[in-house]
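These notes are about the structure you will find just below.
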Amino acid sequence: MQRLIIVGAGGFGRETAWLVEEINRAAVDAGGDAAYKLLGFLDDDAKLAGSVWGDVPVLGTVDRWREYTVASFVFAIADPGIKRRLAGEMAGVAFVTLVHPRAEVAPSAVLGEGCIVQAGCVVSTNVVLGAHAGLNPQCGIGHDATVGAYSTMYWNVSLAGFVQVGSGCLLGSKTCVIQGLRLGDGVRTGAGAVVIRDLPDGCTAVGVPAVYK
Ligand SMILES: CC(C)(COP(=O)(O)OP(=O)(O)OC[C@H]1O[C@@H](n2cnc3c(N)ncnc32)[C@H](O)[C@@H]1OP(=O)(O)O)[C@@H](O)C(=O)NCCC(=O)NCCS
């Protein structure tokens with residue numbers, strides 16, 4: 001069993017703990033052993049120190065990762081900038097990629113280290129997810145699409161085929177991107193945005209059709 005620590009104890013962290021439970025349950029139901037022993041969360045929110053979610057404790061602040069030499073980690077953090085910074089600080093540690101047993105991932109898809117693919121996602125053929133990309137539940141990533149490192153898709157994002165999403169992007173719930181578009185690095189989209197044109201680096205686009213200033 002792999003010892004695992006979730007970095008981030010907020011809502012996304014708790015959902016990731018649930019994801020780990022589901023992965024373990026599926027492995028046991030299939031006659032094998034649980035895949036992960038979840039040691040706990042690390043989080044810089046001082047209010048969370050010493051708290052427990054279910055039977056999973058908050059072990060302390062993120063800088064305590066150094067104390068856990070025989071453990072793997074995953075970032076349960078939406079903010080791409082924080083994921084990028086921590087990945088730099090934690091260079092050399094092992095990160096796991098977590099895929100919910102009820103997500104569909106094509107065999108030809110390539111998932112980078114530290115990715116999270118939550119329940120109900122469909123990751124189609126030839127998709128590439130960069131390191132630490134996070135897909136919240138029910139995202140659909142169309143064939144040949146790419147999602148850059150550290151990018152986060154909130155619930156129910158839909159990328160059509162051949163869409164390219166840059167690194168460090170944050171796409172709001174129910175963002176829909178039509179086929180073949182390119183979203184630059186650091187793009188943010190509002191909840192419910194329908195993207196019908198390429199988006200430049202660093203912009204925030206909202207609405208139907210999505211516009212940026
Ligand atoms: C787009 C977003 C990132 C902007 O946040 P922000 O930088 O704090 O910006 P503001 O709230 O000040 O909004 C800026 C403008 O965009 C508009 N706007 C914000 N979100 C919008 C949305 N989803 N759709 C349409 N317009 C939106 C605001 O009305 C405002 O318009 P104005 O300049 O004409 O007054 C944020 O509103 C958003 O939608 N985030 C995604 C949230 C989400 O999906 N959460 C799911 C968690 S699981």
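Quick note on naming: the chains in the structure tokens go A, B, ... in the order shown, residues restart at 1 in each chain, and ligands are numbered from 1 in order of appearance.
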
Need the shell around stretch 107-122 of chain A: protein/DNA/RNA residues with any atom at most 7 Å away, counting only C-alpha atoms. Skip same-chain ones fewer than 2 positions apart. Format as a PyMOL selection string?
chain A and resi 74-75+95-100+102-105+124-141

Contacts of chain A with ligand 1 up to 6 Å, shortest pair per row, only C-alpha atoms and all ligand atoms, as CSV:
```
residue,atom,partner,partner_atom_place_in_ligand_line,distance
A:Tyr154,CA,ligand 1,48 (S),4.8
A:Trp155,CA,ligand 1,48 (S),5.5
A:Gly172,CA,ligand 1,44 (O),3.3
A:Ser173,CA,ligand 1,44 (O),3.8
A:Arg188,CA,ligand 1,3 (C),5.9
A:Thr189,CA,ligand 1,1 (C),5.3
A:Gly190,CA,ligand 1,39 (O),3.2
A:Ala191,CA,ligand 1,23 (N),3.8
A:Gly192,CA,ligand 1,23 (N),5.7
A:Val206,CA,ligand 1,25 (C),4.6
A:Gly207,CA,ligand 1,25 (C),4.3
```

Selection: 10 Å around A:Gly184, only C-alpha atoms, excl. self and same-chain fewer than 3 positions, as a PyMOL selection string:
chain A and resi 148+164-169+181+187-188+198-203

Determine which residues of chain A DSSP labels as helix (DSSP H, G or I) from the backbone of this structure, then write them out as number ranges by chain.
A: 11-29, 46-48, 62-67, 80-89

Go through A:Val123, A:Ala78, A:Thr175, A:Met90 and flag the residue nearest A:Ser151, using only C-alpha atoms for the distances.
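Going through A:Val123, A:Ala78, A:Thr175, A:Met90 one by one, the smallest distance to A:Ser151 is for A:Ala78.
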
I need the residues in chain A that are strand (DSSP E) according to DSSP; give them as JSON, numbers by chain.
{"A": [2, 3, 4, 5, 6, 7, 36, 37, 38, 39, 40, 41, 42, 52, 53, 56, 57, 58, 59, 60, 72, 73, 74, 75, 98, 99, 104, 105, 110, 111, 116, 117, 122, 123, 128, 129, 134, 135, 140, 141, 146, 147, 152, 153, 158, 159, 164, 165, 170, 171, 176, 177, 182, 183, 188, 189, 194, 195, 204, 205, 206, 211, 212]}

List the spatial neighbours of A:Val70 as an NGL selection string - criterion: any atom at most 9 Å away, only C-alpha atoms, same-chain residues fewer than 6 positions off excluded.
:A and (2-4)

Can you pull out every residue within 12 Å of A:Val52, counting only C-alpha atoms, but drop anything in the same chain fewer than 6 positions away, and send it as a ChimeraX atom specification?
/A:9-10,14,17,39-42,58-60

I'd like the neighbourhood of A:Arg197 as a PyMOL selection string, where a residue qualifies if any of its atoms comes within 10 Å (using only C-alpha atoms), though same-chain residues fewer than 6 positions away should be ignored.
chain A and resi 177-183+209-211

Applying 10 Å and only C-alpha atoms, which residues near A:Val62 remain after dropping the ones on its own chain fewer than 6 positions away? List them as an MDAnalysis selection string.
chainID A and resid 6:8 41:45 86 90

Same residues, N, CA, C and O atoms, output as an mmCIF file, in the first residue's frame:
```cif
data_model
loop_
_atom_site.group_PDB
_atom_site.id
_atom_site.type_symbol
_atom_site.label_atom_id
_atom_site.label_comp_id
_atom_site.auth_asym_id
_atom_site.auth_seq_id
_atom_site.Cartn_x
_atom_site.Cartn_y
_atom_site.Cartn_z
ATOM 1 N N ILE A 6 -2.430 14.212 1.164
ATOM 2 C CA ILE A 6 -3.121 15.185 0.318
ATOM 3 C C ILE A 6 -2.721 16.584 0.763
ATOM 4 O O ILE A 6 -2.857 16.927 1.948
ATOM 5 N N VAL A 7 -2.225 17.373 -0.165
ATOM 6 C CA VAL A 7 -1.865 18.762 0.141
ATOM 7 C C VAL A 7 -3.081 19.622 -0.194
ATOM 8 O O VAL A 7 -3.477 19.728 -1.351
ATOM 9 N N GLY A 8 -3.678 20.207 0.861
ATOM 10 C CA GLY A 8 -4.920 20.952 0.701
ATOM 11 C C GLY A 8 -6.025 20.220 1.441
ATOM 12 O O GLY A 8 -6.338 19.071 1.107
ATOM 13 N N PHE A 41 -3.811 15.159 5.704
ATOM 14 C CA PHE A 41 -3.712 16.366 4.878
ATOM 15 C C PHE A 41 -2.588 17.255 5.402
ATOM 16 O O PHE A 41 -2.313 17.285 6.606
ATOM 17 N N LEU A 42 -2.029 18.057 4.524
ATOM 18 C CA LEU A 42 -1.207 19.203 4.923
ATOM 19 C C LEU A 42 -1.914 20.461 4.418
ATOM 20 O O LEU A 42 -2.424 20.477 3.283
ATOM 21 N N ASP A 43 -1.958 21.492 5.239
ATOM 22 C CA ASP A 43 -2.646 22.714 4.813
ATOM 23 C C ASP A 43 -2.098 23.897 5.609
ATOM 24 O O ASP A 43 -1.852 23.782 6.819
ATOM 25 N N ASP A 44 -1.930 25.021 4.923
ATOM 26 C CA ASP A 44 -1.372 26.207 5.591
ATOM 27 C C ASP A 44 -2.419 27.023 6.353
ATOM 28 O O ASP A 44 -2.069 28.017 6.989
ATOM 29 N N ASP A 45 -3.677 26.613 6.288
ATOM 30 C CA ASP A 45 -4.709 27.316 7.049
ATOM 31 C C ASP A 45 -4.597 26.903 8.520
ATOM 32 O O ASP A 45 -4.936 25.768 8.890
ATOM 33 N N LEU A 86 4.268 25.245 -5.133
ATOM 34 C CA LEU A 86 4.569 24.100 -4.266
ATOM 35 C C LEU A 86 5.325 23.013 -5.021
ATOM 36 O O LEU A 86 6.211 22.359 -4.457
ATOM 37 N N MET A 90 8.727 21.432 -3.730
ATOM 38 C CA MET A 90 8.743 20.005 -3.387
ATOM 39 C C MET A 90 9.405 19.168 -4.484
ATOM 40 O O MET A 90 9.127 17.966 -4.607
#
```

My list of candidates is A:Lys47, A:Ala149, A:Val20, A:Ser158. Which is closest to A:Asp79 when distances are computed with only C-alpha atoms?
A:Ala149
